[in-house]
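Below is the file entry-v5.cif, which contains mmCIF, C-alpha atoms and all ligand atoms.
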data_model
loop_
_atom_site.group_PDB
_atom_site.id
_atom_site.type_symbol
_atom_site.label_atom_id
_atom_site.label_comp_id
_atom_site.auth_asym_id
_atom_site.auth_seq_id
_atom_site.Cartn_x
_atom_site.Cartn_y
_atom_site.Cartn_z
ATOM 1 C CA MET G 1 232.831 203.300 83.205
ATOM 2 C CA VAL G 2 230.834 200.751 85.162
ATOM 3 C CA ARG G 3 232.234 197.587 86.681
ATOM 4 C CA VAL G 4 230.081 194.615 85.739
ATOM 5 C CA VAL G 5 230.419 191.230 87.423
ATOM 6 C CA VAL G 6 230.779 188.565 84.715
ATOM 7 C CA LYS G 7 228.262 186.196 86.309
ATOM 8 C CA HIS G 8 225.695 189.024 86.335
ATOM 9 C CA VAL G 9 226.112 189.516 82.554
ATOM 10 C CA THR G 10 226.088 185.811 81.721
ATOM 11 C CA LYS G 11 222.928 185.302 83.824
ATOM 12 C CA ALA G 12 221.113 187.987 81.769
ATOM 13 C CA LEU G 13 222.521 186.557 78.512
ATOM 14 C CA ARG G 14 221.418 183.008 79.386
ATOM 15 C CA GLU G 15 217.894 184.357 79.983
ATOM 16 C CA HIS G 16 218.044 186.057 76.564
ATOM 17 C CA HIS G 17 219.126 182.718 75.078
ATOM 18 C CA ASP G 18 216.113 180.924 76.626
ATOM 19 C CA ASN G 19 213.793 183.481 75.020
ATOM 20 C CA ILE G 20 215.625 183.301 71.677
ATOM 21 C CA LEU G 21 215.267 179.500 71.642
ATOM 22 C CA VAL G 22 211.496 179.944 72.140
ATOM 23 C CA ALA G 23 211.464 182.436 69.233
ATOM 24 C CA LEU G 24 213.267 179.902 66.997
ATOM 25 C CA GLN G 25 210.609 177.259 67.764
ATOM 26 C CA LEU G 26 207.885 179.801 67.042
ATOM 27 C CA LEU G 27 209.529 180.748 63.749
ATOM 28 C CA TYR G 28 209.336 177.121 62.620
ATOM 29 C CA LYS G 29 205.680 176.929 63.674
ATOM 30 C CA ALA G 30 204.846 180.185 61.881
ATOM 31 C CA LEU G 31 206.509 178.985 58.661
ATOM 32 C CA GLU G 32 204.697 175.636 58.832
ATOM 33 C CA ALA G 33 201.392 177.474 59.257
ATOM 34 C CA ARG G 34 202.327 180.050 56.576
ATOM 35 C CA ASP G 35 201.326 182.658 59.119
ATOM 36 C CA GLY G 36 202.621 185.812 57.414
ATOM 37 C CA ALA G 37 202.001 188.193 60.313
ATOM 38 C CA ALA G 38 203.772 185.928 62.834
ATOM 39 C CA ILE G 39 206.714 185.346 60.436
ATOM 40 C CA TYR G 40 207.119 189.093 60.067
ATOM 41 C CA GLU G 41 207.085 189.658 63.835
ATOM 42 C CA LEU G 42 209.726 186.936 64.315
ATOM 43 C CA VAL G 43 211.992 188.384 61.621
ATOM 44 C CA ARG G 44 211.664 191.730 63.433
ATOM 45 C CA PHE G 45 212.535 189.928 66.694
ATOM 46 C CA ALA G 46 215.655 188.476 65.034
ATOM 47 C CA GLN G 47 216.754 192.004 64.197
ATOM 48 C CA GLY G 48 215.441 194.033 67.128
ATOM 49 C CA PHE G 49 216.021 191.612 69.981
ATOM 50 C CA VAL G 50 218.634 189.052 68.900
ATOM 51 C CA ASP G 51 220.870 191.375 66.948
ATOM 52 C CA ALA G 52 220.297 194.852 68.404
ATOM 53 C CA CYS G 53 219.699 193.984 72.070
ATOM 54 C CA HIS G 54 221.312 190.620 72.808
ATOM 55 C CA HIS G 55 224.390 190.916 70.603
ATOM 56 C CA SER G 56 224.984 194.474 71.880
ATOM 57 C CA VAL G 57 225.163 193.209 75.474
ATOM 58 C CA GLU G 58 227.562 190.465 74.396
ATOM 59 C CA GLU G 59 229.795 192.632 72.226
ATOM 60 C CA TYR G 60 229.840 195.920 74.178
ATOM 61 C CA VAL G 61 229.845 194.544 77.719
ATOM 62 C CA LEU G 62 231.033 190.945 77.982
ATOM 63 C CA PHE G 63 233.291 190.340 74.984
ATOM 64 C CA PHE G 64 234.979 193.732 74.742
ATOM 65 C CA GLY G 65 235.324 193.942 78.520
ATOM 66 C CA ALA G 66 236.985 190.524 78.639
ATOM 67 C CA VAL G 67 239.328 191.417 75.749
ATOM 68 C CA ARG G 68 240.326 194.701 77.432
ATOM 69 C CA GLY G 69 240.963 192.720 80.570
ATOM 70 C CA GLY G 70 243.448 190.496 78.721
ATOM 71 C CA PHE G 71 241.337 187.670 77.249
ATOM 72 C CA PRO G 72 242.636 186.988 73.699
ATOM 73 C CA PHE G 73 240.543 188.076 70.709
ATOM 74 C CA GLU G 74 242.327 186.942 67.538
ATOM 75 C CA GLY G 75 242.078 183.221 66.943
ATOM 76 C CA GLY G 76 240.039 182.709 70.115
ATOM 77 C CA PRO G 77 236.389 181.869 70.844
ATOM 78 C CA ILE G 78 235.329 185.541 71.093
ATOM 79 C CA GLN G 79 236.415 186.179 67.500
ATOM 80 C CA VAL G 80 234.465 183.097 66.378
ATOM 81 C CA MET G 81 231.331 184.305 68.220
ATOM 82 C CA VAL G 82 231.581 187.811 66.716
ATOM 83 C CA CYS G 83 231.893 186.351 63.201
ATOM 84 C CA GLU G 84 228.838 184.206 63.859
ATOM 85 C CA HIS G 85 226.852 187.310 64.900
ATOM 86 C CA GLY G 86 227.598 188.688 61.427
ATOM 87 C CA THR G 87 226.280 185.533 59.774
ATOM 88 C CA GLY G 88 223.095 185.719 61.882
ATOM 89 C CA ARG G 89 222.568 189.362 60.901
ATOM 90 C CA TYR G 90 222.982 188.499 57.224
ATOM 91 C CA LEU G 91 220.474 185.625 57.449
ATOM 92 C CA ALA G 92 217.945 187.866 59.260
ATOM 93 C CA ARG G 93 218.250 190.458 56.487
ATOM 94 C CA ALA G 94 217.836 187.717 53.875
ATOM 95 C CA MET G 95 214.637 186.600 55.666
ATOM 96 C CA GLU G 96 213.368 190.203 55.683
ATOM 97 C CA GLU G 97 213.978 190.542 51.940
ATOM 98 C CA LEU G 98 212.336 187.202 51.130
ATOM 99 C CA TYR G 99 209.350 187.996 53.350
ATOM 100 C CA LYS G 100 208.844 191.287 51.517
ATOM 101 C CA ALA G 101 209.183 189.582 48.119
ATOM 102 C CA TRP G 102 206.612 186.936 49.167
ATOM 103 C CA LYS G 103 204.200 189.624 50.401
ATOM 104 C CA ALA G 104 204.642 191.471 47.080
ATOM 105 C CA GLY G 105 203.381 188.397 45.236
ATOM 106 C CA ASP G 106 206.525 186.387 44.524
ATOM 107 C CA GLU G 107 205.242 182.907 45.425
ATOM 108 C CA LYS G 108 208.602 181.150 45.153
ATOM 109 C CA ALA G 109 210.064 183.490 47.762
ATOM 110 C CA LEU G 110 208.212 181.562 50.497
ATOM 111 C CA ALA G 111 210.141 178.333 49.795
ATOM 112 C CA GLU G 112 213.383 180.326 49.861
ATOM 113 C CA LEU G 113 212.301 182.005 53.087
ATOM 114 C CA ILE G 114 211.696 178.591 54.680
ATOM 115 C CA ASP G 115 215.189 177.449 53.610
ATOM 116 C CA VAL G 116 216.866 180.565 55.000
ATOM 117 C CA ALA G 117 214.829 180.375 58.227
ATOM 118 C CA ARG G 118 216.016 176.783 58.693
ATOM 119 C CA LEU G 119 219.624 177.917 58.252
ATOM 120 C CA TYR G 120 219.031 180.740 60.723
ATOM 121 C CA VAL G 121 217.505 178.426 63.343
ATOM 122 C CA ASP G 122 220.367 175.895 63.036
ATOM 123 C CA HIS G 123 222.994 178.629 63.032
ATOM 124 C CA LEU G 124 221.678 180.361 66.126
ATOM 125 C CA ALA G 125 220.951 177.154 68.063
ATOM 126 C CA GLN G 126 224.539 175.931 67.655
ATOM 127 C CA HIS G 127 225.865 179.425 68.437
ATOM 128 C CA ILE G 128 223.883 179.588 71.697
ATOM 129 C CA ASP G 129 225.026 176.085 72.630
ATOM 130 C CA LYS G 130 228.681 177.139 72.255
ATOM 131 C CA GLU G 131 228.167 180.283 74.330
ATOM 132 C CA ASN G 132 226.203 178.576 77.103
ATOM 133 C CA ASN G 133 228.458 175.540 77.376
ATOM 134 C CA VAL G 134 231.929 176.662 76.290
ATOM 135 C CA LEU G 135 232.564 180.426 76.210
ATOM 136 C CA PHE G 136 230.489 181.589 79.196
ATOM 137 C CA PRO G 137 231.855 178.905 81.578
ATOM 138 C CA MET G 138 235.383 179.807 80.376
ATOM 139 C CA LEU G 139 234.851 183.537 81.064
ATOM 140 C CA GLU G 140 233.070 182.843 84.369
ATOM 141 C CA ALA G 141 236.094 180.811 85.483
ATOM 142 C CA HIS G 142 238.810 183.244 84.357
ATOM 143 C CA VAL G 143 237.371 186.779 84.509
ATOM 144 C CA GLN G 144 235.611 188.094 87.590
ATOM 145 C CA ALA G 145 234.400 191.476 86.319
ATOM 146 C CA VAL G 146 234.609 193.676 83.217
ATOM 147 C CA GLU G 147 234.658 197.449 82.702
ATOM 148 C CA SER G 148 232.036 198.886 80.365
ATOM 149 C CA ASN G 149 230.609 202.253 79.320
ATOM 150 C CA ARG G 150 227.094 200.864 79.541
ATOM 151 C CA SER G 151 225.329 198.485 81.870
ATOM 152 C CA VAL G 152 223.316 195.449 80.749
ATOM 153 C CA GLU G 153 220.159 197.189 81.968
ATOM 154 C CA GLU G 154 220.841 200.355 79.916
ATOM 155 C CA ILE G 155 221.306 198.377 76.709
ATOM 156 C CA GLU G 156 218.172 196.341 77.416
ATOM 157 C CA LYS G 157 216.162 199.509 78.036
ATOM 158 C CA GLU G 158 217.470 201.259 74.880
ATOM 159 C CA ASN G 159 216.439 198.245 72.818
ATOM 160 C CA ASN G 160 212.981 197.716 74.355
ATOM 161 C CA HIS G 161 213.834 194.372 75.955
ATOM 162 C CA ASP G 162 210.537 194.090 77.862
ATOM 163 C CA GLU G 163 208.371 194.869 74.819
ATOM 164 C CA TRP G 164 210.118 192.162 72.790
ATOM 165 C CA ILE G 165 209.498 189.579 75.516
ATOM 166 C CA LYS G 166 205.834 190.609 75.682
ATOM 167 C CA LEU G 167 205.584 190.216 71.899
ATOM 168 C CA LEU G 168 207.032 186.723 72.224
ATOM 169 C CA ASP G 169 204.466 185.794 74.891
ATOM 170 C CA GLY G 170 201.670 186.969 72.578
ATOM 171 C CA LEU G 171 203.043 184.966 69.634
ATOM 172 C CA ARG G 172 203.477 181.887 71.828
ATOM 173 C CA GLU G 173 199.801 182.048 72.744
ATOM 174 C CA GLY G 174 198.752 182.496 69.118
ATOM 175 C CA LEU G 175 200.954 179.786 67.621
ATOM 176 C CA MET G 176 201.062 177.147 70.363
ATOM 177 C CA THR G 177 197.340 176.967 71.151
ATOM 178 C CA PRO G 178 195.438 174.779 68.708
HETATM 179 FE FE FE W 201 226.462 185.479 70.592
HETATM 180 FE FE FE W 202 224.255 184.857 72.705
#
Write the structure described by the file as structure tokens, please.
Amino acid sequence: MVRVVVKHVTKALREHHDNILVALQLLYKALEARDGAAIYELVRFAQGFVDACHHSVEEYVLFFGAVRGGFPFEGGPIQVMVCEHGTGRYLARAMEELYKAWKAGDEKALAELIDVARLYVDHLAQHIDKENNVLFPMLEAHVQAVESNRSVEEIEKENNHDEWIKLLDGLREGLMTP
């Protein structure tokens, strides 16, 4: 078990959030431009970075550690956040399916993909807002440190954190420069 200071975890998670918010803007841009390759990379980012890397740090380290330390789960903000992770995962899988259908020649799948992407962007933006401004300040004020089997850095390394951020930088250049 490692002892992780809560403010250390929330600092890393807030940095993840900043990068995720950039990815959400890029997803909108890519859909507007009907840029298939960029859309595909961003759907992969939603699964590989947002869900596998970021949500793992939240659920394994911060949330579970806080619950083991006595912070309530049922009926509290952590349960709401975990449910919302499930919704995000579902929407990312729906985007993957619609992208594949579009690429296979189903023209109406693109309009559906745009609708689902909009839902995903709204869902994740409000989720991040609640974590940054409600849950994290609450945990920072009430829990000093959590016990975890894995450190933030281990989870980031296992899930190729740095490669995902590099991919985002490349997409930003491609989509934001006229
Ligand atoms: Fe979350
Ligand atoms: Fe988050």
Q: Counting only C-alpha atoms and all ligand atoms, name the residues that have an atom within 8 Å of an atom of ligand FE 201 (chain W); the answer should be given as a PyMOL selection string.
A: chain G and resi 54-55+58+81-82+84-85+127-128+131
Q.
At a cut-off of 12 Å around the point (225.6, 203.4, 80.2) (file coordinates), what residues fall inside when counting only C-alpha atoms? I'd like the answer as JSON, numbers by chain.
A. {"G": [1, 2, 3, 4, 57, 60, 61, 147, 148, 149, 150, 151, 152, 153, 154, 155, 156, 157, 158]}
List every residue of chain G that has an atom at most 12 Å from any atom of ligand FE 202 (chain W), and for each one report the closest atom pair and its distance in Å to one decimal, counting only C-alpha atoms and all ligand atoms, with rows sorted by chain and then by increasing residue number, as a tab-separated table.
residue	atom	partner	partner_atom	distance
G:Val9	CA	W:FE202	FE	11.1
G:Thr10	CA	W:FE202	FE	9.2
G:Lys11	CA	W:FE202	FE	11.2
G:Ala12	CA	W:FE202	FE	10.1
G:Leu13	CA	W:FE202	FE	6.3
G:Arg14	CA	W:FE202	FE	7.5
G:Glu15	CA	W:FE202	FE	9.7
G:His16	CA	W:FE202	FE	7.4
G:His17	CA	W:FE202	FE	6.0
G:Asp18	CA	W:FE202	FE	9.9
G:Asn19	CA	W:FE202	FE	10.8
G:Ile20	CA	W:FE202	FE	8.8
G:Leu21	CA	W:FE202	FE	10.5
G:Phe49	CA	W:FE202	FE	11.0
G:Val50	CA	W:FE202	FE	8.0
G:Asp51	CA	W:FE202	FE	9.3
G:Ala52	CA	W:FE202	FE	11.6
G:Cys53	CA	W:FE202	FE	10.2
G:His54	CA	W:FE202	FE	6.5
G:His55	CA	W:FE202	FE	6.4
G:Ser56	CA	W:FE202	FE	9.7
G:Val57	CA	W:FE202	FE	8.8
G:Glu58	CA	W:FE202	FE	6.7
G:Glu59	CA	W:FE202	FE	9.6
G:Leu62	CA	W:FE202	FE	10.5
G:Phe63	CA	W:FE202	FE	10.8
G:Ile78	CA	W:FE202	FE	11.2
G:Met81	CA	W:FE202	FE	8.4
G:Val82	CA	W:FE202	FE	9.9
G:Glu84	CA	W:FE202	FE	10.0
G:His85	CA	W:FE202	FE	8.6
G:Gly88	CA	W:FE202	FE	10.9
G:His123	CA	W:FE202	FE	11.6
G:Leu124	CA	W:FE202	FE	8.4
G:Ala125	CA	W:FE202	FE	9.6
G:Gln126	CA	W:FE202	FE	10.3
G:His127	CA	W:FE202	FE	7.1
G:Ile128	CA	W:FE202	FE	5.4
G:Asp129	CA	W:FE202	FE	8.8
G:Lys130	CA	W:FE202	FE	8.9
G:Glu131	CA	W:FE202	FE	6.2
G:Asn132	CA	W:FE202	FE	7.9
G:Asn133	CA	W:FE202	FE	11.2
G:Val134	CA	W:FE202	FE	11.8
G:Leu135	CA	W:FE202	FE	10.0
G:Phe136	CA	W:FE202	FE	9.6
Q: Would you work out the distance separating CA of Gln47 (chain G) from CA of Phe64 (chain G), expressed in Å to one decimal?
A: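 So the answer is 21.1 Å.
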Q. So how far away is CA of Gly65 (chain G) from CA of Val121 (chain G), in Å?
A. 28.1 Å
Q | Between CA of Gly36 (chain G) and CA of Ala104 (chain G) - distance in Å to one decimal | A |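 If I compute the distance from CA of Ala104 (chain G) to CA of Gly36 (chain G), I get 12.0 Å.
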Output of the PyMOL selection byres (((chain G and resi 102) around 12) and not hetatm), listed as a short mmCIF file (atom, residue, chain, number, x, y, z; two decimals) with C-alpha atoms, in the frame of the given file:
data_model
loop_
_atom_site.label_atom_id
_atom_site.label_comp_id
_atom_site.auth_asym_id
_atom_site.auth_seq_id
_atom_site.Cartn_x
_atom_site.Cartn_y
_atom_site.Cartn_z
CA ARG G 34 202.33 180.05 56.58
CA GLY G 36 202.62 185.81 57.41
CA ILE G 39 206.71 185.35 60.44
CA TYR G 40 207.12 189.09 60.07
CA MET G 95 214.64 186.60 55.67
CA GLU G 96 213.37 190.20 55.68
CA GLU G 97 213.98 190.54 51.94
CA LEU G 98 212.34 187.20 51.13
CA TYR G 99 209.35 188.00 53.35
CA LYS G 100 208.84 191.29 51.52
CA ALA G 101 209.18 189.58 48.12
CA LYS G 103 204.20 189.62 50.40
CA ALA G 104 204.64 191.47 47.08
CA GLY G 105 203.38 188.40 45.24
CA ASP G 106 206.52 186.39 44.52
CA GLU G 107 205.24 182.91 45.42
CA LYS G 108 208.60 181.15 45.15
CA ALA G 109 210.06 183.49 47.76
CA LEU G 110 208.21 181.56 50.50
CA ALA G 111 210.14 178.33 49.80
CA GLU G 112 213.38 180.33 49.86
CA LEU G 113 212.30 182.00 53.09
CA ILE G 114 211.70 178.59 54.68
#
Q: Write out as a PyMOL selection string the residues lying within 10 Å of region 164-171 of chain G, counting all atoms listed in the file and excluding same-chain residues fewer than 4 positions away.
A: chain G and resi 16+19-20+22-23+26-27+30+37-39+41-42+44-45+48-50+53+159-160+175-177
Write out, as a CSV table (one decimal), in the frame of the given file, the residues just selected, with C-alpha atoms.
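Once everything was written out, this is out-v8.csv:
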chain,number,residue,atom,x,y,z
G,16,HIS,CA,218.0,186.1,76.6
G,19,ASN,CA,213.8,183.5,75.0
G,20,ILE,CA,215.6,183.3,71.7
G,22,VAL,CA,211.5,179.9,72.1
G,23,ALA,CA,211.5,182.4,69.2
G,26,LEU,CA,207.9,179.8,67.0
G,27,LEU,CA,209.5,180.7,63.7
G,30,ALA,CA,204.8,180.2,61.9
G,37,ALA,CA,202.0,188.2,60.3
G,38,ALA,CA,203.8,185.9,62.8
G,39,ILE,CA,206.7,185.3,60.4
G,41,GLU,CA,207.1,189.7,63.8
G,42,LEU,CA,209.7,186.9,64.3
G,44,ARG,CA,211.7,191.7,63.4
G,45,PHE,CA,212.5,189.9,66.7
G,48,GLY,CA,215.4,194.0,67.1
G,49,PHE,CA,216.0,191.6,70.0
G,50,VAL,CA,218.6,189.1,68.9
G,53,CYS,CA,219.7,194.0,72.1
G,159,ASN,CA,216.4,198.2,72.8
G,160,ASN,CA,213.0,197.7,74.4
G,175,LEU,CA,201.0,179.8,67.6
G,176,MET,CA,201.1,177.1,70.4
G,177,THR,CA,197.3,177.0,71.2
(Q) Please determine, counting all atoms listed in the file, which residue among G:Phe73, G:Ala94, G:Arg172, G:Lys7 has the shortest atom-to-atom distance to Leu139 (chain G). (A)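 Looking at the shortest contact to Leu139 (chain G), the residue is G:Lys7.
Of the listed residues (G:Val5, G:Ala46, G:Ala92, G:Leu24), G:Val5 comes nearest to Val146 (chain G); the distances count all atoms listed in the file.
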Q | Selected residue, from G:Arg93, G:Pro72, G:Val67, G:Pro137, that lies nearest to Val116 (chain G) when counting all atoms listed in the file | A |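 The answer is G:Arg93, which sits nearest to Val116 (chain G).
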If the box runs along x, y and z of the file and leaves 8 Å on each side of region 143-161 of chain G, what are its centre and edge lengths in Å, one decimal, as lines of an AutoDock Vina configuration file?
center_x = 225.2
center_y = 194.5
center_z = 80.2
size_x = 40.4
size_y = 31.5
size_z = 30.8
Could you pull region 85-104 of chain G out of the structure I just pasted and write it to a file containing N, CA, C and O atoms, as a tab-separated table (two decimals), in the first residue's frame?
chain	number	residue	atom	x	y	z
G	85	HIS	N	-19.22	8.13	-14.75
G	85	HIS	CA	-18.14	7.49	-15.54
G	85	HIS	C	-18.74	6.42	-16.44
G	85	HIS	O	-18.31	6.24	-17.58
G	86	GLY	N	-19.71	5.68	-15.92
G	86	GLY	CA	-20.36	4.62	-16.72
G	86	GLY	C	-21.07	5.21	-17.92
G	86	GLY	O	-20.99	4.66	-19.02
G	87	THR	N	-21.76	6.32	-17.72
G	87	THR	CA	-22.45	6.97	-18.85
G	87	THR	C	-21.43	7.43	-19.90
G	87	THR	O	-21.65	7.25	-21.10
G	88	GLY	N	-20.31	8.00	-19.46
G	88	GLY	CA	-19.27	8.45	-20.39
G	88	GLY	C	-18.71	7.29	-21.20
G	88	GLY	O	-18.50	7.40	-22.40
G	89	ARG	N	-18.51	6.14	-20.52
G	89	ARG	CA	-17.96	4.97	-21.21
G	89	ARG	C	-18.95	4.48	-22.27
G	89	ARG	O	-18.57	4.14	-23.39
G	90	TYR	N	-20.23	4.47	-21.91
G	90	TYR	CA	-21.25	4.05	-22.87
G	90	TYR	C	-21.26	4.97	-24.10
G	90	TYR	O	-21.29	4.50	-25.25
G	91	LEU	N	-21.21	6.28	-23.86
G	91	LEU	CA	-21.26	7.23	-24.98
G	91	LEU	C	-20.01	7.10	-25.87
G	91	LEU	O	-20.09	7.22	-27.09
G	92	ALA	N	-18.85	6.82	-25.25
G	92	ALA	CA	-17.63	6.63	-26.05
G	92	ALA	C	-17.75	5.38	-26.93
G	92	ALA	O	-17.34	5.38	-28.09
G	93	ARG	N	-18.35	4.33	-26.37
G	93	ARG	CA	-18.53	3.11	-27.17
G	93	ARG	C	-19.54	3.35	-28.29
G	93	ARG	O	-19.38	2.84	-29.41
G	94	ALA	N	-20.57	4.14	-28.00
G	94	ALA	CA	-21.56	4.48	-29.04
G	94	ALA	C	-20.86	5.26	-30.16
G	94	ALA	O	-21.11	5.01	-31.35
G	95	MET	N	-19.97	6.19	-29.79
G	95	MET	CA	-19.24	6.96	-30.82
G	95	MET	C	-18.37	6.03	-31.65
G	95	MET	O	-18.29	6.17	-32.88
G	96	GLU	N	-17.72	5.07	-31.00
G	96	GLU	CA	-16.86	4.11	-31.73
G	96	GLU	C	-17.70	3.33	-32.75
G	96	GLU	O	-17.32	3.20	-33.91
G	97	GLU	N	-18.85	2.84	-32.32
G	97	GLU	CA	-19.71	2.07	-33.21
G	97	GLU	C	-20.20	2.91	-34.39
G	97	GLU	O	-20.22	2.45	-35.53
G	98	LEU	N	-20.60	4.16	-34.10
G	98	LEU	CA	-21.12	5.02	-35.17
G	98	LEU	C	-20.01	5.41	-36.13
G	98	LEU	O	-20.22	5.51	-37.34
G	99	TYR	N	-18.80	5.63	-35.58
G	99	TYR	CA	-17.67	5.96	-36.46
G	99	TYR	C	-17.42	4.81	-37.42
G	99	TYR	O	-17.25	5.01	-38.63
G	100	LYS	N	-17.44	3.59	-36.89
G	100	LYS	CA	-17.16	2.42	-37.73
G	100	LYS	C	-18.26	2.23	-38.78
G	100	LYS	O	-17.98	1.87	-39.92
G	101	ALA	N	-19.51	2.49	-38.38
G	101	ALA	CA	-20.62	2.37	-39.34
G	101	ALA	C	-20.47	3.42	-40.46
G	101	ALA	O	-20.66	3.12	-41.64
G	102	TRP	N	-20.09	4.64	-40.07
G	102	TRP	CA	-19.89	5.72	-41.05
G	102	TRP	C	-18.79	5.35	-42.02
G	102	TRP	O	-18.93	5.47	-43.24
G	103	LYS	N	-17.66	4.85	-41.47
G	103	LYS	CA	-16.52	4.46	-42.31
G	103	LYS	C	-16.89	3.31	-43.24
G	103	LYS	O	-16.35	3.17	-44.34
G	104	ALA	N	-17.84	2.46	-42.82
G	104	ALA	CA	-18.25	1.32	-43.64
G	104	ALA	C	-19.28	1.72	-44.70
G	104	ALA	O	-19.79	0.86	-45.42
